[in-house]
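Trainee: Data file final.cif (mmCIF, C-alpha atoms) is appended below.
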data_coords
loop_
_atom_site.label_atom_id
_atom_site.label_comp_id
_atom_site.auth_asym_id
_atom_site.auth_seq_id
_atom_site.Cartn_x
_atom_site.Cartn_y
_atom_site.Cartn_z
CA MET N 1 110.36 136.06 106.08
CA THR N 2 110.15 135.21 109.77
CA ASN N 3 107.33 133.89 111.91
CA MET N 4 106.96 137.37 113.36
CA ASP N 5 106.41 138.79 109.87
CA ILE N 6 103.60 136.31 109.35
CA TYR N 7 102.23 136.95 112.82
CA SER N 8 102.06 140.69 112.17
CA MET N 9 99.37 139.90 109.59
CA TYR N 10 97.53 137.45 111.81
CA LYS N 11 97.62 139.96 114.66
CA THR N 12 95.61 142.41 112.56
CA MET N 13 93.07 139.58 112.11
CA GLY N 14 92.59 139.05 115.83
CA ILE N 15 94.97 136.18 116.65
CA ASP N 16 96.79 136.39 120.00
CA GLU N 17 100.51 135.68 119.97
CA LYS N 18 100.09 132.76 122.38
CA VAL N 19 97.56 131.10 120.08
CA PHE N 20 99.81 131.68 117.06
CA ASN N 21 102.95 130.32 118.72
CA TYR N 22 101.14 127.23 119.99
CA CYS N 23 99.82 126.41 116.50
CA GLN N 24 103.26 127.00 114.96
CA GLU N 25 104.88 124.56 117.36
CA VAL N 26 102.31 121.88 116.56
CA GLU N 27 102.69 122.46 112.82
CA LYS N 28 106.49 122.00 112.90
CA LYS N 29 106.07 118.35 113.87
CA LEU N 30 103.90 117.54 110.84
CA THR N 31 106.36 118.15 107.99
CA GLU N 32 106.87 114.48 107.13
CA ARG N 33 103.14 113.69 107.13
CA PHE N 34 102.44 116.66 104.90
CA GLN N 35 105.08 115.44 102.42
CA THR N 36 103.29 112.09 102.16
CA ILE N 37 100.00 113.86 101.43
CA ASP N 38 101.69 115.91 98.70
CA GLN N 39 102.98 112.72 97.08
CA ILE N 40 99.47 111.24 96.96
CA ALA N 41 98.20 114.51 95.49
CA GLU N 42 100.90 114.39 92.81
CA TYR N 43 99.88 110.86 91.83
CA ASN N 44 96.18 111.76 91.69
CA GLN N 45 96.91 114.94 89.77
CA ALA N 46 98.69 112.87 87.13
CA LYS N 47 95.75 110.42 87.07
CA VAL N 48 93.26 113.24 86.44
CA LEU N 49 95.45 114.90 83.82
CA HIS N 50 95.97 111.58 82.02
CA ALA N 51 92.19 111.02 81.81
CA MET N 52 91.67 114.51 80.38
CA GLN N 53 94.39 114.03 77.77
CA LYS N 54 93.22 110.52 76.87
CA ASN N 55 89.73 111.84 76.13
CA GLN N 56 91.13 114.79 74.15
CA LEU N 57 89.47 117.46 76.27
CA SER N 58 89.23 120.59 74.13
CA GLU N 59 88.00 124.16 74.41
CA ALA N 60 84.86 123.18 72.50
CA HIS N 61 83.89 120.88 75.38
CA LEU N 62 83.65 123.85 77.74
CA PHE N 63 80.78 125.56 75.90
CA PRO N 64 77.25 125.34 77.37
CA SER N 65 74.17 123.61 76.03
CA THR N 66 70.54 124.51 76.70
CA GLY N 67 67.12 122.94 76.44
CA TYR N 68 67.19 119.18 76.14
CA GLY N 69 70.96 119.06 75.97
CA TYR N 70 71.08 116.53 73.15
CA ASN N 71 74.60 115.98 71.80
CA ASP N 72 76.31 117.90 74.61
CA ILE N 73 79.85 116.81 73.83
CA GLY N 74 81.32 118.55 76.87
CA ARG N 75 78.99 116.74 79.29
CA ASP N 76 79.61 113.41 77.58
CA THR N 77 83.39 113.90 77.57
CA LEU N 78 83.42 114.82 81.25
CA GLU N 79 81.59 111.60 82.05
CA LYS N 80 84.18 109.61 80.08
CA ILE N 81 86.91 111.37 82.09
CA TYR N 82 85.22 110.42 85.38
CA ALA N 83 84.85 106.82 84.22
CA ASP N 84 88.56 106.68 83.40
CA ILE N 85 89.63 108.23 86.72
CA PHE N 86 87.49 105.78 88.69
CA HIS N 87 88.22 102.87 86.32
CA THR N 88 84.56 102.15 85.65
CA GLU N 89 82.43 101.32 82.63
CA ASP N 90 80.30 104.45 82.83
CA ALA N 91 79.62 107.65 84.76
CA LEU N 92 76.79 110.07 85.38
CA VAL N 93 78.03 113.59 86.24
CA ARG N 94 75.28 116.18 86.21
CA SER N 95 74.31 119.61 87.48
CA GLN N 96 70.75 118.26 87.76
CA ILE N 97 71.95 116.23 90.76
CA THR N 98 71.41 118.77 93.52
CA CYS N 99 73.60 117.29 96.28
CA GLY N 100 75.23 114.13 97.58
CA THR N 101 72.02 112.97 99.25
CA HIS N 102 70.20 113.36 95.94
CA ALA N 103 72.89 111.35 94.14
CA LEU N 104 72.55 108.56 96.71
CA HIS N 105 68.78 108.53 96.31
CA ILE N 106 69.06 108.33 92.53
CA ALA N 107 71.48 105.41 92.78
CA LEU N 108 69.34 103.57 95.33
CA ALA N 109 65.96 104.20 93.73
CA GLY N 110 67.29 103.47 90.25
CA ASN N 111 68.71 100.09 91.21
CA LEU N 112 66.09 98.81 93.66
CA ARG N 113 62.62 97.41 93.06
CA PRO N 114 59.68 96.57 95.37
CA GLY N 115 60.52 93.59 97.51
CA ASP N 116 64.27 94.28 97.48
CA GLU N 117 66.21 94.92 100.67
CA ILE N 118 69.11 97.30 101.37
CA LEU N 119 71.79 96.16 103.79
CA SER N 120 74.15 98.55 105.54
CA PRO N 121 77.01 96.46 106.99
CA VAL N 122 78.67 99.48 108.63
CA GLY N 123 75.92 100.63 110.96
CA LYS N 124 73.43 103.43 110.51
CA PRO N 125 74.06 105.65 107.48
CA TYR N 126 74.23 109.44 107.43
CA ASP N 127 71.23 111.22 108.92
CA THR N 128 69.87 112.57 105.60
CA LEU N 129 69.37 109.01 104.34
CA ASP N 130 66.95 108.23 107.19
CA GLU N 131 63.95 109.61 105.32
CA ILE N 132 65.10 108.31 101.94
CA ILE N 133 65.31 104.75 103.25
CA GLY N 134 62.32 105.12 105.55
CA ILE N 135 64.10 104.74 108.88
CA ARG N 136 62.14 107.89 109.67
CA PRO N 137 58.80 107.96 107.81
CA SER N 138 58.75 110.42 104.92
CA THR N 139 56.69 110.96 101.80
CA GLY N 140 58.26 109.16 98.87
CA SER N 141 60.67 107.04 100.92
CA LEU N 142 61.91 103.73 99.58
CA ALA N 143 59.90 102.05 102.32
CA GLU N 144 56.71 103.36 100.70
CA TYR N 145 57.67 101.40 97.59
CA GLY N 146 58.08 98.16 99.51
CA ILE N 147 61.88 98.32 99.78
CA THR N 148 63.11 97.17 103.18
CA TYR N 149 66.24 97.99 105.13
CA ARG N 150 68.53 96.12 107.47
CA GLN N 151 71.79 97.09 109.15
CA VAL N 152 74.65 95.38 110.92
CA ASP N 153 76.52 97.58 113.34
CA LEU N 154 80.28 97.67 113.52
CA LEU N 155 81.84 95.93 116.49
CA PRO N 156 82.92 98.09 119.47
CA ASP N 157 86.48 98.28 118.11
CA GLY N 158 85.22 99.61 114.76
CA SER N 159 85.77 96.36 112.82
CA PHE N 160 83.23 94.53 110.68
CA ASP N 161 80.87 92.00 112.26
CA TRP N 162 81.57 89.32 109.66
CA GLU N 163 79.22 86.74 111.15
CA GLY N 164 76.46 89.30 111.59
CA ILE N 165 76.82 90.39 107.95
CA ARG N 166 76.70 86.79 106.73
CA ASN N 167 73.53 86.14 108.74
CA ALA N 168 71.88 89.34 107.48
CA ILE N 169 72.22 88.45 103.80
CA HIS N 170 69.22 86.54 102.39
CA GLU N 171 67.34 86.09 99.12
CA LYS N 172 65.86 89.61 99.16
CA THR N 173 69.18 91.39 99.74
CA ARG N 174 69.67 93.35 96.53
CA LEU N 175 72.05 96.16 97.42
CA VAL N 176 74.68 96.77 100.07
CA GLU N 177 75.23 100.43 100.98
CA ILE N 178 78.70 101.13 102.37
CA GLN N 179 79.29 104.59 103.80
CA ARG N 180 82.99 105.35 103.58
CA SER N 181 83.04 108.42 105.83
CA LYS N 182 81.79 108.65 109.39
CA GLY N 183 78.98 111.19 108.97
CA TYR N 184 77.67 112.39 112.34
CA ALA N 185 79.06 109.30 114.05
CA THR N 186 82.31 108.75 115.87
CA ARG N 187 83.24 105.49 114.18
CA PRO N 188 86.41 105.25 112.10
CA THR N 189 86.29 106.17 108.43
CA LEU N 190 86.83 103.14 106.19
CA SER N 191 89.94 102.82 104.06
CA VAL N 192 89.61 101.68 100.45
CA GLU N 193 91.44 98.50 101.44
CA GLN N 194 88.85 97.76 104.15
CA ILE N 195 86.03 98.45 101.70
CA GLY N 196 87.62 96.00 99.26
CA GLU N 197 87.76 93.29 101.94
CA LEU N 198 84.10 93.88 102.79
CA ILE N 199 83.01 93.76 99.13
CA ALA N 200 84.98 90.55 98.52
CA PHE N 201 83.30 88.96 101.55
CA ILE N 202 79.82 89.96 100.37
CA LYS N 203 80.44 88.89 96.77
CA GLY N 204 81.74 85.57 98.09
CA ILE N 205 78.31 84.97 99.61
CA ARG N 206 76.17 86.40 96.78
CA PRO N 207 77.99 87.67 93.65
CA ASP N 208 74.80 89.29 92.31
CA ILE N 209 74.46 91.76 95.20
CA ILE N 210 75.14 95.35 94.12
CA CYS N 211 77.84 96.93 96.28
CA MET N 212 77.40 100.71 96.40
CA VAL N 213 79.81 103.04 98.20
CA ASP N 214 78.89 106.48 99.50
CA ASN N 215 82.22 108.04 98.56
CA CYS N 216 81.54 111.54 99.91
CA TYR N 217 84.60 113.23 101.48
CA GLY N 218 86.89 110.39 100.38
CA GLU N 219 87.78 111.12 96.76
CA PHE N 220 91.52 111.60 96.07
CA VAL N 221 92.49 111.01 99.71
CA GLU N 222 94.13 107.74 98.69
CA MET N 223 95.70 106.60 95.42
CA ILE N 224 92.83 104.20 94.74
CA GLU N 225 89.03 104.51 94.90
CA PRO N 226 86.34 102.00 95.95
CA THR N 227 85.66 101.14 92.31
CA ASP N 228 89.24 99.86 92.11
CA VAL N 229 88.43 97.20 94.72
CA GLY N 230 85.14 95.83 93.42
CA ALA N 231 82.44 98.43 94.11
CA ASP N 232 79.66 98.32 91.52
CA MET N 233 78.90 101.99 92.17
CA ALA N 234 80.54 104.93 93.90
CA VAL N 235 78.49 108.02 94.57
CA GLY N 236 79.41 111.54 95.63
CA SER N 237 78.87 115.29 95.54
CA LEU N 238 80.69 117.80 93.34
CA ILE N 239 80.66 120.47 96.05
CA LYS N 240 82.91 118.20 98.06
CA ASN N 241 86.30 116.81 96.98
CA PRO N 242 85.91 116.21 93.23
CA GLY N 243 84.55 119.70 92.49
CA GLY N 244 87.76 121.32 93.67
CA GLY N 245 85.85 124.29 95.09
CA LEU N 246 84.75 125.47 91.62
CA ALA N 247 81.74 123.24 90.91
CA PRO N 248 78.66 125.30 91.88
CA ILE N 249 76.37 122.26 92.18
CA GLY N 250 76.20 118.66 91.07
CA GLY N 251 76.87 115.04 91.87
CA TYR N 252 78.27 111.92 90.29
CA ILE N 253 77.60 108.20 90.05
CA VAL N 254 80.31 105.97 88.59
CA GLY N 255 80.17 102.22 88.13
CA THR N 256 79.00 99.42 85.91
CA LYS N 257 77.11 100.34 82.78
CA GLU N 258 73.92 98.73 84.06
CA CYS N 259 74.00 100.50 87.43
CA VAL N 260 74.73 103.90 85.91
CA GLU N 261 72.08 103.44 83.21
CA ARG N 262 69.40 102.57 85.77
CA SER N 263 70.45 105.61 87.82
CA ALA N 264 70.19 107.84 84.75
CA TYR N 265 66.65 106.61 84.07
CA ARG N 266 65.75 107.63 87.61
CA LEU N 267 67.41 111.05 87.23
CA THR N 268 65.55 111.93 84.03
CA ALA N 269 62.89 109.45 82.88
CA PRO N 270 62.58 105.90 81.56
CA GLY N 271 63.62 105.85 77.93
CA LEU N 272 65.56 109.12 78.22
CA GLY N 273 68.38 108.39 80.65
CA LYS N 274 71.74 110.04 79.91
CA GLU N 275 70.64 111.49 76.57
CA LEU N 276 69.09 114.56 78.22
CA GLY N 277 70.44 117.16 80.60
CA ALA N 278 71.72 120.53 79.42
CA SER N 279 75.00 121.68 80.96
CA LEU N 280 73.89 125.35 81.14
CA GLY N 281 77.47 126.62 81.33
CA VAL N 282 78.77 124.60 84.29
CA THR N 283 81.00 122.19 82.38
CA ALA N 284 84.03 124.50 82.52
CA SER N 285 83.70 124.75 86.32
CA PHE N 286 83.22 121.00 86.64
CA VAL N 287 86.30 120.26 84.54
CA GLN N 288 88.59 122.86 86.10
CA GLY N 289 87.40 121.92 89.58
CA LEU N 290 88.19 118.28 88.87
CA PHE N 291 91.65 119.30 87.66
CA LEU N 292 92.30 121.11 90.96
CA ALA N 293 90.63 118.48 93.16
CA PRO N 294 93.73 116.43 94.12
CA THR N 295 95.64 119.45 95.47
CA VAL N 296 92.56 121.00 97.08
CA THR N 297 91.85 117.69 98.81
CA ALA N 298 95.46 117.61 100.02
CA SER N 299 95.05 121.09 101.55
CA ALA N 300 91.93 119.96 103.39
CA LEU N 301 93.71 116.85 104.67
CA LYS N 302 96.59 118.90 106.06
CA GLY N 303 94.11 121.14 107.84
CA ALA N 304 92.36 118.13 109.36
CA ILE N 305 95.64 116.72 110.66
CA LEU N 306 96.64 120.07 112.14
CA ALA N 307 93.26 120.37 113.88
CA ALA N 308 93.56 116.87 115.34
CA ASN N 309 97.01 117.54 116.72
CA ILE N 310 96.14 120.96 118.15
CA TYR N 311 93.01 119.84 119.98
CA GLU N 312 94.25 116.43 121.05
CA ASN N 313 97.24 118.11 122.67
CA LEU N 314 94.73 120.17 124.64
CA GLY N 315 93.04 117.02 125.95
CA TYR N 316 90.08 116.60 123.60
CA HIS N 317 89.19 113.36 121.83
CA ALA N 318 89.98 113.61 118.12
CA ILE N 319 88.65 111.13 115.55
CA PRO N 320 90.85 110.21 113.73
CA ASN N 321 93.45 110.86 116.38
CA ALA N 322 96.62 112.88 115.87
CA THR N 323 98.64 110.02 114.39
CA GLU N 324 96.14 107.77 112.58
CA GLU N 325 96.02 107.34 108.80
CA ARG N 326 93.44 109.48 106.99
CA TYR N 327 90.76 108.11 104.68
CA ASP N 328 88.55 111.19 104.33
CA ILE N 329 88.83 114.94 104.90
CA ILE N 330 86.59 115.07 107.99
CA GLN N 331 88.03 115.69 111.44
CA ALA N 332 85.75 115.04 114.39
CA ILE N 333 86.55 116.51 117.80
CA GLU N 334 84.47 115.55 120.82
CA PHE N 335 84.09 118.49 123.19
CA GLY N 336 81.46 117.06 125.55
CA ASP N 337 80.24 120.64 126.02
CA PRO N 338 77.76 122.56 123.83
CA GLU N 339 79.47 125.88 124.59
CA LEU N 340 82.76 124.61 123.17
CA LEU N 341 81.04 123.25 120.07
CA VAL N 342 79.40 126.62 119.42
CA ALA N 343 82.63 128.54 120.07
CA PHE N 344 84.58 126.37 117.63
CA CYS N 345 82.00 126.97 114.88
CA GLU N 346 81.95 130.70 115.60
CA GLY N 347 85.72 130.77 115.08
CA ILE N 348 85.51 128.93 111.76
CA GLN N 349 82.80 131.32 110.56
CA ALA N 350 84.91 134.32 111.59
CA ALA N 351 87.76 132.95 109.45
CA ALA N 352 85.62 132.72 106.30
CA PRO N 353 86.11 134.86 103.19
CA VAL N 354 82.32 135.18 102.84
CA ASP N 355 79.95 136.14 105.69
CA SER N 356 82.76 136.28 108.24
CA TYR N 357 80.69 138.78 110.27
CA VAL N 358 77.81 136.33 110.72
CA THR N 359 77.37 134.43 114.00
CA PRO N 360 76.26 130.81 113.43
CA THR N 361 73.48 129.53 115.67
CA PRO N 362 71.95 126.07 116.07
CA TRP N 363 68.75 125.47 114.09
CA ALA N 364 66.35 122.71 113.06
CA MET N 365 67.99 121.81 109.77
CA PRO N 366 65.82 119.63 107.46
CA GLY N 367 66.83 115.96 107.45
CA TYR N 368 68.29 115.88 110.97
CA ASP N 369 66.82 114.70 114.26
CA SER N 370 68.32 117.47 116.40
CA ASP N 371 69.34 121.11 116.05
CA VAL N 372 72.55 121.52 114.05
CA ILE N 373 75.09 124.33 114.10
CA MET N 374 76.89 125.02 110.84
CA ALA N 375 79.75 127.37 110.05
CA ALA N 376 80.35 127.85 106.34
CA GLY N 377 81.29 131.16 104.80
CA ALA N 378 81.79 129.69 101.35
CA PHE N 379 81.90 130.90 97.77
CA VAL N 380 79.58 127.98 96.91
CA SER N 381 76.74 127.67 99.40
CA GLY N 382 77.12 124.51 101.48
CA ALA N 383 80.37 123.45 99.82
CA SER N 384 82.09 121.33 102.44
CA ILE N 385 85.34 121.17 100.48
CA GLU N 386 85.58 124.81 101.54
CA LEU N 387 86.49 125.55 105.15
CA SER N 388 83.49 124.58 107.24
CA ALA N 389 82.43 123.00 110.50
CA ASP N 390 79.18 121.64 111.83
CA GLY N 391 77.75 119.39 114.46
CA PRO N 392 74.49 118.22 116.01
CA MET N 393 73.59 119.81 119.33
CA LYS N 394 73.51 116.56 121.27
CA PRO N 395 76.05 114.48 123.22
CA PRO N 396 78.95 113.98 122.79
CA TYR N 397 78.84 117.51 121.29
CA ALA N 398 81.29 116.63 118.55
CA VAL N 399 82.27 119.11 115.86
CA TYR N 400 82.94 117.89 112.33
CA PHE N 401 85.57 120.05 110.69
CA GLN N 402 86.37 119.76 107.01
CA GLY N 403 87.63 121.54 103.95
CA GLY N 404 89.97 124.34 103.12
CA LEU N 405 90.66 125.23 99.49
CA THR N 406 94.17 126.18 100.57
CA TYR N 407 96.13 124.94 103.55
CA PRO N 408 96.93 128.48 104.83
CA HIS N 409 93.22 129.19 105.03
CA ALA N 410 92.54 125.92 106.85
CA LYS N 411 95.32 126.78 109.28
CA PHE N 412 93.90 130.25 109.91
CA GLY N 413 90.46 128.77 110.54
CA ILE N 414 91.85 126.40 113.17
CA MET N 415 93.71 129.26 114.88
CA LYS N 416 90.54 131.35 114.80
CA SER N 417 88.52 128.52 116.39
CA LEU N 418 91.04 128.32 119.22
CA GLN N 419 91.07 132.10 119.54
CA ARG N 420 87.28 132.17 119.89
CA ILE N 421 87.39 129.58 122.67
CA VAL N 422 90.04 131.68 124.48
CA GLU N 423 87.94 134.85 124.07
CA LYS N 424 84.96 133.13 125.67
CA GLY N 425 87.01 132.57 128.77
CA ILE N 426 87.02 128.80 128.47
CA LYS N 427 90.12 127.43 130.17
CA ILE N 428 92.21 125.33 127.74
CA TRP N 429 95.88 125.93 128.60
#
Take the structure from the file and write it as structure tokens.
Mentor:
Amino acid sequence: MTNMDIYSMYKTMGIDEKVFNYCQEVEKKLTERFQTIDQIAEYNQAKVLHAMQKNQLSEAHLFPSTGYGYNDIGRDTLEKIYADIFHTEDALVRSQITCGTHALHIALAGNLRPGDEILSPVGKPYDTLDEIIGIRPSTGSLAEYGITYRQVDLLPDGSFDWEGIRNAIHEKTRLVEIQRSKGYATRPTLSVEQIGELIAFIKGIRPDIICMVDNCYGEFVEMIEPTDVGADMAVGSLIKNPGGGLAPIGGYIVGTKECVERSAYRLTAPGLGKELGASLGVTASFVQGLFLAPTVTASALKGAILAANIYENLGYHAIPNATEERYDIIQAIEFGDPELLVAFCEGIQAAAPVDSYVTPTPWAMPGYDSDVIMAAGAFVSGASIELSADGPMKPPYAVYFQGGLTYPHAKFGIMKSLQRIVEKGIKIW
């Protein structure tokens, strides 16, 4: 098969030959990087498979439970598998956790008490935590329960402000919240190695401080996870990396037995904890999605690298840039122009398998301080491990591109984004 054979299909889907040829030329230079990603995926695939075999996953574990969910052996086995993959004492993996933000709230609220203080040593966390913490007033925030918050911004070069962190820690500091990914910021994503250095520094000052990592978008990108380098808890969403595109809902919290137990009491009720929570038929999707997660994550990573190279070559600021190491699946591209941001998202939506005919428009999405445009024609609503793009409608008008269950689909989405910009008459060549 030749490139022209492939292009004949893309032509029917609205891709100009110039756009196709440009993307092909960029892709040719990425072979070696893609091979490295495949090697990491192979390692993580073996790690997941080993955990499933060790815990004797069986067909019986895939059956649903209802009602209270007492003695749900599938749910309990899945949590043992997660604990083994992340090398932790315990895990909470539940469909009752509605999203990553919910998982973070459960972990925070379960492990904090009135008078405690949260410290973020990596700057402001993701926008949806503003109202949970109380940065923006909201009913039921941690601030309403007398829990305070303090942050230390990263230095201009993206490194940790070690002295600032040391000075911010005091007797009320109970929990340090470390966001691995960038969120709607343009700072670098943190590597697991960097997270380990930060945790060691904090534990060297106060060993009793709980170090919690928001692991969203980072699972299976590297061969190790934050819990391998000292994190007391790692928290994430199942409709991102670890769900492999099959989990229809859910979140996870892995960590020490005490931290997970306190989180479980917050999820259900004091005295009940992990004993309750019917699986309602999702265990099979959770388990199979986890099995696929390392290779799905690899596909998303390849798509992110291709996007960075394509748009950086055209003169736009990519974060990470075209050659930097990757520590999550998110690719930020600063356009500096709202029209370009909208056009990019329209192209991603047009490449979707679901709702490809829909035109995304900016709207006042709950939890954000500005209008947000989101492109996501996904099989699971809001699943950002599937091909998607979004961004706040404010300077620097950066788009945050992520996902792609398969690399060919991610590649098509990137071509379609470029095609949409061309069709709008925006000069890029």
Trainee: Quick one: pull the distance between atom CA of Ile199 of chain N and atom CA of Met223 of chain N, Å, one decimal.
Mentor: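 Taking atom CA of Ile199 of chain N and atom CA of Met223 of chain N, their separation equals 18.4 Å.
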Trainee: Using all atoms listed in the file, collect all residues at a distance of at most 10 Å from (92.6, 106.8, 88.1) as written in the file, then present them as a PDB file with C-alpha atoms, in the frame of the given file.
Mentor:
ATOM      1  CA  TYR N  43      99.880 110.860  91.830  1.00  0.00           C
ATOM      2  CA  ASN N  44      96.180 111.760  91.690  1.00  0.00           C
ATOM      3  CA  GLN N  45      96.910 114.940  89.770  1.00  0.00           C
ATOM      4  CA  ALA N  46      98.690 112.870  87.130  1.00  0.00           C
ATOM      5  CA  LYS N  47      95.750 110.420  87.070  1.00  0.00           C
ATOM      6  CA  VAL N  48      93.260 113.240  86.440  1.00  0.00           C
ATOM      7  CA  LEU N  49      95.450 114.900  83.820  1.00  0.00           C
ATOM      8  CA  HIS N  50      95.970 111.580  82.020  1.00  0.00           C
ATOM      9  CA  ALA N  51      92.190 111.020  81.810  1.00  0.00           C
ATOM     10  CA  ILE N  81      86.910 111.370  82.090  1.00  0.00           C
ATOM     11  CA  TYR N  82      85.220 110.420  85.380  1.00  0.00           C
ATOM     12  CA  ALA N  83      84.850 106.820  84.220  1.00  0.00           C
ATOM     13  CA  ASP N  84      88.560 106.680  83.400  1.00  0.00           C
ATOM     14  CA  ILE N  85      89.630 108.230  86.720  1.00  0.00           C
ATOM     15  CA  PHE N  86      87.490 105.780  88.690  1.00  0.00           C
ATOM     16  CA  HIS N  87      88.220 102.870  86.320  1.00  0.00           C
ATOM     17  CA  THR N  88      84.560 102.150  85.650  1.00  0.00           C
ATOM     18  CA  PHE N 220      91.520 111.600  96.070  1.00  0.00           C
ATOM     19  CA  MET N 223      95.700 106.600  95.420  1.00  0.00           C
ATOM     20  CA  ILE N 224      92.830 104.200  94.740  1.00  0.00           C
ATOM     21  CA  GLU N 225      89.030 104.510  94.900  1.00  0.00           C
ATOM     22  CA  THR N 227      85.660 101.140  92.310  1.00  0.00           C
ATOM     23  CA  ASP N 228      89.240  99.860  92.110  1.00  0.00           C
TER      24      ASP N 228
END
Trainee: Counting all atoms listed in the file, write as a list in words all protein and nucleic acid residues lying at most 12 Å from (82.7, 101.4, 121.6) in the file's frame.
Mentor: Asp153, Leu154, Leu155, Pro156, Asp157, Gly158, Ser159, Ala185, Thr186, Arg187 and Pro188 of chain N
Trainee: From the list N:Gly134, N:Gly347, N:Gly271, N:Gly183, which residue is nearest Ile414 of chain N when using all atoms listed in the file?
Mentor: N:Gly347
Trainee: Using the chain letters and numbers from this file, what does the PyMOL selection byres ((chain N and resi 64) around 10) select? Give the answer as a ChimeraX atom specification.
Mentor: /N:60-63,65-66,69,72-75,278-284
Trainee: Give me a file of those residues, with C-alpha atoms, as a PDB file, in the coordinates of the input.
Mentor:
ATOM      1  CA  ALA N  60      84.860 123.180  72.500  1.00  0.00           C
ATOM      2  CA  HIS N  61      83.890 120.880  75.380  1.00  0.00           C
ATOM      3  CA  LEU N  62      83.650 123.850  77.740  1.00  0.00           C
ATOM      4  CA  PHE N  63      80.780 125.560  75.900  1.00  0.00           C
ATOM      5  CA  SER N  65      74.170 123.610  76.030  1.00  0.00           C
ATOM      6  CA  THR N  66      70.540 124.510  76.700  1.00  0.00           C
ATOM      7  CA  GLY N  69      70.960 119.060  75.970  1.00  0.00           C
ATOM      8  CA  ASP N  72      76.310 117.900  74.610  1.00  0.00           C
ATOM      9  CA  ILE N  73      79.850 116.810  73.830  1.00  0.00           C
ATOM     10  CA  GLY N  74      81.320 118.550  76.870  1.00  0.00           C
ATOM     11  CA  ARG N  75      78.990 116.740  79.290  1.00  0.00           C
ATOM     12  CA  ALA N 278      71.720 120.530  79.420  1.00  0.00           C
ATOM     13  CA  SER N 279      75.000 121.680  80.960  1.00  0.00           C
ATOM     14  CA  LEU N 280      73.890 125.350  81.140  1.00  0.00           C
ATOM     15  CA  GLY N 281      77.470 126.620  81.330  1.00  0.00           C
ATOM     16  CA  VAL N 282      78.770 124.600  84.290  1.00  0.00           C
ATOM     17  CA  THR N 283      81.000 122.190  82.380  1.00  0.00           C
ATOM     18  CA  ALA N 284      84.030 124.500  82.520  1.00  0.00           C
TER      19      ALA N 284
END
Trainee: I need the output of the PyMOL selection byres ((chain N and resi 119) around 12) for this file as a compact mmCIF listing (two decimals) with C-alpha atoms, in the frame of the given file; which residues are they?
Mentor:
# COMPACT_ATOMS: atom_id res chain seq x y z
CA LEU N 108 69.34 103.57 95.33
CA LEU N 112 66.09 98.81 93.66
CA ASP N 116 64.27 94.28 97.48
CA GLU N 117 66.21 94.92 100.67
CA ILE N 118 69.11 97.30 101.37
CA SER N 120 74.15 98.55 105.54
CA PRO N 121 77.01 96.46 106.99
CA VAL N 122 78.67 99.48 108.63
CA GLY N 123 75.92 100.63 110.96
CA LYS N 124 73.43 103.43 110.51
CA PRO N 125 74.06 105.65 107.48
CA ILE N 133 65.31 104.75 103.25
CA ILE N 147 61.88 98.32 99.78
CA THR N 148 63.11 97.17 103.18
CA TYR N 149 66.24 97.99 105.13
CA ARG N 150 68.53 96.12 107.47
CA GLN N 151 71.79 97.09 109.15
CA VAL N 152 74.65 95.38 110.92
CA ASP N 153 76.52 97.58 113.34
CA GLY N 164 76.46 89.30 111.59
CA ILE N 165 76.82 90.39 107.95
CA ARG N 166 76.70 86.79 106.73
CA ASN N 167 73.53 86.14 108.74
CA ALA N 168 71.88 89.34 107.48
CA ILE N 169 72.22 88.45 103.80
CA HIS N 170 69.22 86.54 102.39
CA GLU N 171 67.34 86.09 99.12
CA LYS N 172 65.86 89.61 99.16
CA THR N 173 69.18 91.39 99.74
CA ARG N 174 69.67 93.35 96.53
CA LEU N 175 72.05 96.16 97.42
CA VAL N 176 74.68 96.77 100.07
CA GLU N 177 75.23 100.43 100.98
CA ILE N 178 78.70 101.13 102.37
CA GLN N 179 79.29 104.59 103.80
CA ILE N 202 79.82 89.96 100.37
CA ILE N 209 74.46 91.76 95.20
CA ILE N 210 75.14 95.35 94.12
CA CYS N 211 77.84 96.93 96.28
CA MET N 212 77.40 100.71 96.40
CA VAL N 213 79.81 103.04 98.20
Trainee: Going by the chain IDs and residue numbers used in this file, which residues fall under the PyMOL selection byres ((chain N and resi 401) around 7)? Write them as a ChimeraX atom specification.
Mentor: /N:330-332,388-390,399-400,402
Trainee: Here is a test: counting all atoms listed in the file, which residue of N:Leu198, N:Val354, N:Ile106, N:Leu290 is nearest to Met52 of chain N?
Mentor: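 Among the listed residues, the smallest separation from Met52 of chain N belongs to N:Leu290.
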Trainee: Looking at all atoms listed in the file, which of N:Gly110, N:Gly382, N:Pro392, N:Gly100 is the one that sits closest to Ala264 of chain N?
Mentor: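 Residue with the minimum atom-to-atom distance to Ala264 of chain N: N:Gly110.
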Trainee: Go through N:Leu306, N:Met233, N:Met365, N:Ile329 and flag the residue nearest Leu405 of chain N, using only C-alpha atoms for the distances.
Mentor: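 Residue with the minimum atom-to-atom distance to Leu405 of chain N: N:Ile329.
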Trainee: So that I can see what lies close to segment 1-11 of chain N, please list as a PyMOL selection string the residues with an atom at most 10 Å from it, counting all atoms listed in the file and leaving out residues fewer than 3 positions away in the same chain.
Mentor: chain N and resi 14-17+20-21+24+412+415-416
Trainee: Residues within 8 Å of Ile249 of chain N, please, as an MDAnalysis selection string. Count all atoms listed in the file; anything in the same chain fewer than 3 positions from it doesn't count.
Mentor: chainID N and resid 95 97:99 238:239
Trainee: Using Å and a single decimal, report how far atom CA of Val254 of chain N sits from atom CA of Leu92 of chain N.
Mentor: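 For atom CA of Leu92 of chain N relative to atom CA of Val254 of chain N, the distance reads 6.3 Å.
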